[in-house]
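Novice: What follows is the file start_5.txt, containing compact mmCIF, C-alpha atoms:
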```
# COMPACT_ATOMS: atom_id res chain seq x y z
CA ALA A 57 0.00 0.00 0.00
CA ALA A 58 2.86 2.36 0.81
CA GLU A 59 4.47 1.73 -2.56
CA ARG A 60 1.20 2.46 -4.38
CA LEU A 61 0.76 5.67 -2.41
CA GLY A 62 4.39 6.72 -2.87
CA VAL A 63 5.06 7.12 0.86
CA THR A 64 6.85 5.18 3.59
CA GLN A 65 5.32 2.27 5.51
CA SER A 66 5.47 4.27 8.73
CA ALA A 67 3.49 7.09 7.11
CA VAL A 68 0.75 4.61 6.15
CA SER A 69 0.72 3.16 9.67
CA GLN A 70 0.42 6.63 11.19
CA ALA A 71 -2.38 7.60 8.81
CA LEU A 72 -4.19 4.36 9.57
CA ALA A 73 -3.87 5.01 13.31
CA ARG A 74 -5.43 8.45 12.86
CA LEU A 75 -8.29 6.98 10.84
CA ARG A 76 -8.93 4.33 13.49
CA LYS A 77 -9.09 7.01 16.16
CA LEU A 78 -11.36 9.15 14.03
CA THR A 79 -13.78 6.35 13.14
CA GLY A 80 -13.61 4.25 16.30
CA ASP A 81 -13.14 1.14 14.15
CA PRO A 82 -10.10 -1.14 13.62
CA LEU A 83 -10.73 -0.82 9.84
CA PHE A 84 -8.71 -3.99 9.06
CA GLU A 85 -8.72 -7.45 10.60
CA SER A 86 -6.55 -10.55 10.29
CA HIS A 87 -7.67 -13.02 7.65
CA GLY A 88 -5.62 -16.07 6.69
CA ARG A 89 -2.13 -14.86 5.82
CA GLY A 90 -3.17 -11.26 5.37
CA VAL A 91 -5.77 -8.72 6.38
CA ARG A 92 -9.14 -7.65 5.07
CA PRO A 93 -11.21 -4.49 5.56
CA THR A 94 -13.96 -4.47 8.16
CA PRO A 95 -17.58 -3.78 7.13
CA ARG A 96 -17.16 -0.21 8.42
CA ALA A 97 -14.02 0.23 6.29
CA LEU A 98 -15.88 -0.95 3.19
CA GLU A 99 -18.66 1.52 3.91
CA ILE A 100 -16.16 4.35 4.33
CA ALA A 101 -14.33 3.32 1.15
CA THR A 102 -17.54 3.59 -0.87
CA HIS A 103 -18.11 7.19 0.23
CA ALA A 104 -14.43 8.07 -0.11
CA ARG A 105 -14.23 6.65 -3.61
CA ALA A 106 -17.32 8.58 -4.68
CA ALA A 107 -15.95 11.79 -3.16
CA LEU A 108 -12.59 11.34 -4.91
CA THR A 109 -14.32 10.62 -8.21
CA HIS A 110 -16.36 13.82 -7.98
CA ALA A 111 -13.28 15.78 -6.93
CA ASN A 112 -11.26 14.45 -9.84
CA ALA A 113 -14.14 15.20 -12.21
CA ALA A 114 -13.89 18.87 -11.29
CA PHE A 115 -10.35 18.96 -12.68
CA THR A 116 -10.80 16.51 -15.54
CA PRO A 117 -11.55 17.88 -19.01
CA LYS A 118 -14.86 16.86 -20.52
CA THR A 119 -13.08 15.87 -23.70
CA ILE A 120 -9.88 13.87 -24.02
CA ASP A 121 -7.46 12.85 -26.74
CA ILE A 122 -8.41 9.21 -27.23
CA ALA A 123 -5.38 8.55 -29.43
CA SER A 124 -3.03 9.35 -26.54
CA LEU A 125 -5.17 7.97 -23.70
CA GLN A 126 -3.30 5.60 -21.37
CA ARG A 127 -5.85 3.71 -19.29
CA THR A 128 -7.02 0.24 -18.26
CA PHE A 129 -10.76 -0.46 -18.16
CA VAL A 130 -12.19 -3.29 -16.06
CA ILE A 131 -15.09 -4.90 -17.94
CA ASP A 132 -17.36 -7.77 -16.91
CA ILE A 133 -18.65 -9.89 -19.80
CA GLY A 134 -20.29 -13.09 -18.63
CA GLY A 135 -21.25 -16.31 -20.33
CA GLY A 136 -18.12 -16.40 -22.46
CA PHE A 137 -19.48 -13.66 -24.73
CA ASP A 138 -16.04 -12.07 -24.39
CA ALA A 139 -14.87 -14.57 -27.03
CA LEU A 140 -17.45 -13.15 -29.44
CA LEU A 141 -17.16 -9.43 -28.66
CA LEU A 142 -13.51 -8.82 -27.84
CA PRO A 143 -12.02 -9.42 -31.31
CA THR A 144 -14.15 -6.58 -32.70
CA LEU A 145 -13.49 -4.37 -29.68
CA TYR A 146 -9.75 -4.95 -30.00
CA LYS A 147 -9.83 -3.82 -33.65
CA PHE A 148 -11.48 -0.56 -32.54
CA LEU A 149 -8.88 -0.04 -29.84
CA THR A 150 -5.85 -0.69 -32.03
CA LYS A 151 -7.11 1.79 -34.62
CA THR A 152 -8.24 4.61 -32.33
CA ALA A 153 -6.79 4.11 -28.84
CA PRO A 154 -3.61 2.02 -28.81
CA GLY A 155 -2.86 3.07 -25.22
CA VAL A 156 -6.11 1.62 -23.85
CA ARG A 157 -6.02 -1.79 -22.19
CA CYS A 158 -8.97 -3.92 -21.08
CA LEU A 159 -9.03 -6.19 -18.06
CA VAL A 160 -11.95 -8.51 -18.78
CA SER A 161 -13.63 -10.76 -16.24
CA ASN A 162 -16.25 -13.40 -16.92
CA THR A 163 -16.23 -15.08 -13.53
CA ARG A 164 -19.60 -13.53 -12.65
CA GLY A 165 -19.11 -12.27 -9.12
CA ALA A 166 -21.70 -12.97 -6.47
CA ASP A 167 -22.94 -9.39 -6.60
CA LEU A 168 -22.24 -7.43 -9.76
CA PHE A 169 -23.93 -4.30 -8.43
CA SER A 170 -21.57 -4.33 -5.45
CA GLU A 171 -18.59 -4.68 -7.80
CA LEU A 172 -19.80 -1.70 -9.84
CA LYS A 173 -20.49 0.30 -6.68
CA HIS A 174 -17.05 -0.34 -5.21
CA GLY A 175 -15.18 0.17 -8.46
CA GLU A 176 -14.05 -3.44 -8.85
CA THR A 177 -15.81 -3.43 -12.22
CA GLU A 178 -16.26 -0.32 -14.34
CA LEU A 179 -18.57 -1.60 -17.05
CA ALA A 180 -20.65 -4.76 -17.42
CA LEU A 181 -22.70 -6.47 -20.10
CA ASP A 182 -25.93 -8.09 -18.94
CA PHE A 183 -29.24 -9.37 -20.31
CA GLN A 184 -31.53 -7.75 -17.74
CA PRO A 185 -32.30 -4.08 -17.04
CA THR A 186 -31.97 -2.79 -13.50
CA ASP A 187 -33.19 0.08 -11.37
CA ALA A 188 -30.64 -0.55 -8.60
CA GLU A 189 -29.59 2.60 -6.77
CA GLY A 190 -26.60 4.28 -8.37
CA ILE A 191 -26.45 1.88 -11.33
CA ARG A 192 -26.95 3.19 -14.85
CA CYS A 193 -28.46 0.89 -17.46
CA ASP A 194 -28.44 1.39 -21.23
CA ARG A 195 -30.02 -1.02 -23.70
CA ILE A 196 -27.50 -1.34 -26.52
CA GLY A 197 -29.31 -3.83 -28.71
CA ASP A 198 -31.43 -6.91 -29.07
CA ASP A 199 -31.42 -10.01 -31.22
CA ALA A 200 -33.81 -12.77 -32.20
CA ALA A 201 -33.38 -16.19 -30.65
CA VAL A 202 -32.68 -19.24 -32.83
CA VAL A 203 -31.96 -22.92 -32.25
CA ILE A 204 -28.60 -24.48 -33.04
CA ALA A 205 -28.06 -28.16 -33.81
CA ARG A 206 -25.46 -30.37 -35.44
CA PRO A 207 -25.79 -31.00 -39.19
CA ARG A 208 -28.01 -33.92 -40.16
CA HIS A 209 -29.60 -34.12 -36.73
CA PRO A 210 -31.84 -37.22 -36.95
CA ALA A 211 -34.83 -35.53 -35.31
CA LEU A 212 -34.70 -32.44 -37.52
CA LYS A 213 -34.79 -33.93 -41.01
CA GLN A 214 -38.26 -32.44 -41.55
CA GLY A 215 -37.55 -29.25 -39.66
CA LEU A 216 -38.05 -28.13 -36.07
CA THR A 217 -41.56 -28.14 -34.59
CA LYS A 218 -42.72 -27.05 -31.16
CA ALA A 219 -43.32 -30.68 -30.17
CA ILE A 220 -39.80 -31.68 -31.18
CA TYR A 221 -38.34 -28.63 -29.43
CA VAL A 222 -39.97 -29.63 -26.14
CA GLN A 223 -39.05 -33.29 -26.54
CA LEU A 224 -35.34 -32.99 -27.40
CA PRO A 225 -32.71 -32.59 -24.64
CA HIS A 226 -31.23 -29.11 -24.39
CA ALA A 227 -27.88 -27.61 -23.51
CA THR A 228 -28.22 -24.24 -21.78
CA LEU A 229 -26.01 -21.34 -20.82
CA VAL A 230 -25.67 -20.45 -17.12
CA TRP A 231 -24.47 -17.10 -15.78
CA THR A 232 -23.84 -18.14 -12.21
CA ARG A 233 -24.26 -14.77 -10.53
CA SER A 234 -27.79 -14.28 -11.87
CA THR A 235 -31.10 -15.35 -10.38
CA VAL A 236 -31.91 -16.92 -13.74
CA SER A 237 -29.45 -18.76 -15.92
CA SER A 238 -29.49 -16.54 -19.01
CA GLY A 239 -31.53 -14.23 -21.17
CA VAL A 240 -32.89 -17.25 -23.03
CA ALA A 241 -34.04 -18.91 -19.79
CA LEU A 242 -35.64 -15.65 -18.68
CA GLU A 243 -37.66 -15.27 -21.88
CA LEU A 244 -38.66 -18.95 -21.99
CA ALA A 245 -39.91 -18.69 -18.40
CA ARG A 246 -41.90 -15.56 -19.25
CA ILE A 247 -43.83 -17.35 -22.00
CA GLY A 248 -44.27 -20.50 -19.90
CA MET A 249 -42.11 -22.74 -22.09
CA GLN A 250 -40.44 -25.67 -20.31
CA THR A 251 -37.54 -27.58 -21.85
CA LYS A 252 -35.65 -30.76 -20.99
CA VAL A 253 -32.30 -29.38 -19.82
CA ALA A 254 -29.68 -32.13 -19.96
CA ILE A 255 -26.61 -30.02 -19.24
CA SER A 256 -25.80 -26.40 -18.33
CA VAL A 257 -22.49 -24.75 -19.20
CA PRO A 258 -20.88 -21.40 -18.34
CA THR A 259 -19.81 -20.26 -21.82
CA VAL A 260 -21.27 -20.03 -25.30
CA MET A 261 -18.22 -21.76 -26.75
CA ALA A 262 -18.89 -24.80 -24.55
CA LEU A 263 -22.50 -24.63 -25.68
CA GLY A 264 -21.41 -24.88 -29.30
CA ALA A 265 -18.98 -27.72 -28.62
CA LEU A 266 -21.68 -29.76 -26.89
CA VAL A 267 -24.26 -29.26 -29.62
CA ALA A 268 -21.73 -30.10 -32.34
CA SER A 269 -20.82 -33.42 -30.72
CA SER A 270 -24.26 -34.70 -29.68
CA ASP A 271 -27.99 -34.67 -30.37
CA LEU A 272 -28.47 -31.81 -27.93
CA ILE A 273 -29.99 -28.60 -29.20
CA ALA A 274 -29.61 -25.11 -27.73
CA THR A 275 -31.38 -21.78 -27.97
CA THR A 276 -29.24 -18.69 -28.34
CA SER A 277 -29.07 -15.35 -30.12
CA ARG A 278 -28.53 -15.16 -33.87
CA PHE A 279 -25.24 -13.38 -33.23
CA ALA A 280 -23.95 -16.22 -31.05
CA ALA A 281 -25.40 -18.84 -33.39
CA GLN A 282 -23.59 -17.37 -36.37
CA ALA A 283 -20.27 -17.22 -34.54
CA LEU A 284 -20.65 -20.76 -33.20
CA GLY A 285 -21.75 -22.02 -36.59
CA GLU A 286 -18.52 -20.78 -38.15
CA VAL A 287 -16.43 -22.56 -35.52
CA TYR A 288 -18.41 -25.79 -35.12
CA GLN A 289 -20.28 -26.00 -38.47
CA LEU A 290 -23.68 -25.91 -36.76
CA GLU A 291 -27.07 -25.43 -38.36
CA GLN A 292 -29.57 -22.76 -37.38
CA HIS A 293 -33.31 -23.37 -37.04
CA PRO A 294 -35.95 -20.72 -36.40
CA LEU A 295 -37.84 -21.02 -33.15
CA PRO A 296 -41.13 -22.88 -33.73
CA PHE A 297 -42.99 -20.37 -31.53
CA ARG A 298 -43.01 -16.64 -30.82
CA MET A 299 -40.56 -15.29 -28.25
CA PRO A 300 -39.52 -11.69 -27.52
CA PRO A 301 -36.05 -10.70 -28.77
CA LEU A 302 -33.10 -11.12 -26.43
CA ALA A 303 -31.97 -7.76 -25.08
CA PHE A 304 -28.47 -6.69 -24.04
CA TYR A 305 -27.58 -3.91 -21.60
CA LEU A 306 -24.55 -1.97 -20.45
CA LEU A 307 -24.32 -1.35 -16.70
CA TRP A 308 -22.07 1.10 -14.85
CA HIS A 309 -22.07 3.23 -11.71
CA ASP A 310 -23.39 6.75 -12.07
CA ARG A 311 -20.17 8.29 -10.75
CA LEU A 312 -18.68 7.45 -14.18
CA ASP A 313 -21.40 9.23 -16.16
CA ASP A 314 -19.23 12.25 -16.94
CA ASP A 315 -15.94 10.38 -17.24
CA ALA A 316 -14.86 11.17 -20.81
CA GLY A 317 -12.90 7.95 -21.29
CA HIS A 318 -15.67 5.79 -19.88
CA ARG A 319 -18.26 7.60 -22.00
CA TRP A 320 -16.10 6.96 -25.08
CA LEU A 321 -15.85 3.23 -24.29
CA ARG A 322 -19.62 2.97 -23.83
CA GLY A 323 -20.06 4.58 -27.22
CA ILE A 324 -17.66 2.08 -28.82
CA LEU A 325 -19.60 -0.88 -27.42
CA LYS A 326 -22.88 0.61 -28.64
CA THR A 327 -21.33 1.06 -32.09
CA ILE A 328 -20.23 -2.59 -32.09
CA ALA A 329 -23.74 -3.68 -31.13
CA LEU A 330 -25.19 -1.60 -33.98
CA GLU A 331 -22.75 -3.08 -36.48
CA ILE A 332 -23.67 -6.58 -35.37
CA ARG A 333 -27.36 -5.81 -35.82
CA GLU A 334 -26.78 -4.37 -39.31
CA LYS A 335 -24.65 -7.36 -40.28
CA LEU A 336 -27.35 -9.80 -39.20
CA GLY A 337 -29.99 -7.80 -41.04
```
Turn this file's structure into structure tokens for me.
Specialist:
Amino acid sequence: AAERLGVTQSAVSQALARLRKLTGDPLFESHGRGVRPTPRALEIATHARAALTHANAAFTPKTIDIASLQRTFVIDIGGGFDALLLPTLYKFLTKTAPGVRCLVSNTRGADLFSELKHGETELALDFQPTDAEGIRCDRIGDDAAVVIARPRHPALKQGLTKAIYVQLPHATLVWTRSTVSSGVALELARIGMQTKVAISVPTVMALGALVASSDLIATTSRFAAQALGEVYQLEQHPLPFRMPPLAFYLLWHDRLDDDAGHRWLRGILKTIALEIREKLG
């Protein structure tokens, strides 16, 4: 901590002692081989981080030179969609902002809103809107759902019907931090459609691998289906019933609303979503 602050260890210890006296809380406690902040320390950190962000915003220009920007963004992209989105994002970055790095997580923390609130994640992609306090939500696109299956699937020689869809075993995508497994599961539940789930996996690439090597079918977005089809030579089938399109959202904490770099990155991701939609037609 002293090295990151550019001061001596004794200076950190003295500052910590003053904070403990001021707050009446130990602030840190022993945990395993190290220490961890107390609940009171985490609460203080939230307010301190917000105050510092607002203070920095007062001295930060509203516009920045993206070409010379040196910054690392922490982005949460669950379900393995990072494999589908990051190649396009990287092309944007190399052309317009070579100094920008992305630290991408797809581990799906237990509480994404807490991660956004405490600055552990700066921007997240999700399939549900939210009205959580302090969290901004922007719908960046939507896509129709389709069914993927291996070529020459024995049950699909005459096409996919609703009866066959319900009867066949399914592979599904699971985003572990969510109350529902995925956007597909959410929409299927809303229309009262029950499927025979044989296996659930954490990434879309695993979903494609399973479908390609078995008689399992899976429901996913056209965008994912196209990408998986190119890798695993899968076939697409239209859903044999009506289902609302799958929506995708960007989430971030409102303290980053006026951050010029963050605003630029949000715009890039919205542009990518628009290009994907135009490409799919």
Novice: For Pro294 (chain A), which residue out of A:Gly317, A:Gly239, A:Pro207, A:Gly215 is the nearest one, using all atoms listed in the file?
Specialist: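 Residue with the minimum atom-to-atom distance to Pro294 (chain A): A:Gly215.
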Novice: Pick out the residues sitting within 12 Å of region 76-87 of chain A, and hand them over as a PyMOL selection string; count only C-alpha atoms, and ignore anything fewer than 3 positions along from it in its own chain.
Specialist: chain A and resi 69-73+90-101
Novice: In Å, how far is it from CA of Leu290 (chain A) to CA of Ala227 (chain A)?
Specialist: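 CA of Leu290 (chain A) sits 14.0 Å away from CA of Ala227 (chain A).
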Novice: Using all atoms listed in the file for the distances, tell me which of A:Ile328, A:Leu336, A:Asp194, A:Thr102 is nearest to Ala280 (chain A).
Specialist: A:Leu336
Novice: Pick out the residues sitting within 12 Å of region 260-262 of chain A, and hand them over as a PyMOL selection string; count all atoms listed in the file, and ignore anything fewer than 5 positions along from it in its own chain.
Specialist: chain A and resi 133-141+162+204+227-231+238+255+267-269+274-277+279-288
Novice: Looking at all atoms listed in the file, which of A:His226, A:Lys218, A:Arg89, A:Lys252 is the one that sits closest to Phe297 (chain A)?
Specialist: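 Going through A:His226, A:Lys218, A:Arg89, A:Lys252 one by one, the smallest distance to Phe297 (chain A) is for A:Lys218.
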Novice: Quick one: distance from CA of Thr217 (chain A) to CA of Arg246 (chain A) in Å, one decimal?
Specialist: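 Going from CA of Thr217 (chain A) over to CA of Arg246 (chain A) covers 19.8 Å.
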Novice: Taking every listed atom of region 147-151 of chain A and adding 5 Å to each side, what centre and edge lengths in Å (one decimal) does the axis-aligned box have, as AutoDock Vina command-line options?
Specialist:
```
--center_x -8.7 --center_y -1.0 --center_z -32.2 --size_x 15.6 --size_y 15.6 --size_z 14.8
```
Novice: Applying 12 Å and all atoms listed in the file, which residues near Leu295 (chain A) remain after dropping the ones on its own chain fewer than 3 positions away? List them as a PyMOL selection string.
Specialist: chain A and resi 200-204+215-222+240+244+249+273-278+292+298-301
Novice: Put those residues in a file: C-alpha atoms, as a compact mmCIF listing (two decimals), keeping the file's coordinate frame.
Specialist:
```txt
# COMPACT_ATOMS: atom_id res chain seq x y z
CA ALA A 200 -33.81 -12.77 -32.20
CA ALA A 201 -33.38 -16.19 -30.65
CA VAL A 202 -32.68 -19.24 -32.83
CA VAL A 203 -31.96 -22.92 -32.25
CA ILE A 204 -28.60 -24.48 -33.04
CA GLY A 215 -37.55 -29.25 -39.66
CA LEU A 216 -38.05 -28.13 -36.07
CA THR A 217 -41.56 -28.14 -34.59
CA LYS A 218 -42.72 -27.05 -31.16
CA ALA A 219 -43.32 -30.68 -30.17
CA ILE A 220 -39.80 -31.68 -31.18
CA TYR A 221 -38.34 -28.63 -29.43
CA VAL A 222 -39.97 -29.63 -26.14
CA VAL A 240 -32.89 -17.25 -23.03
CA LEU A 244 -38.66 -18.95 -21.99
CA MET A 249 -42.11 -22.74 -22.09
CA ILE A 273 -29.99 -28.60 -29.20
CA ALA A 274 -29.61 -25.11 -27.73
CA THR A 275 -31.38 -21.78 -27.97
CA THR A 276 -29.24 -18.69 -28.34
CA SER A 277 -29.07 -15.35 -30.12
CA ARG A 278 -28.53 -15.16 -33.87
CA GLN A 292 -29.57 -22.76 -37.38
CA ARG A 298 -43.01 -16.64 -30.82
CA MET A 299 -40.56 -15.29 -28.25
CA PRO A 300 -39.52 -11.69 -27.52
CA PRO A 301 -36.05 -10.70 -28.77
```
Novice: Rank nothing, just name the residue among A:Ser66, A:Glu331, A:Tyr305, A:Ala123 nearest to Arg192 (chain A), using all atoms listed in the file.
Specialist: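 Ranked by minimum distance to Arg192 (chain A), first place goes to A:Tyr305.
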Novice: What separation in Å, quoted to one decimal, exists between CA of Gly190 (chain A) and CA of Leu61 (chain A)?
Specialist: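 The value is 28.0 Å.
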Novice: Considering all atoms listed in the file, can you say which of A:Thr152, A:Thr144, A:Thr259, A:Thr327 comes closest to Ile196 (chain A)?
Specialist: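 Ranking A:Thr152, A:Thr144, A:Thr259, A:Thr327 by distance to Ile196 (chain A), first place goes to A:Thr327.
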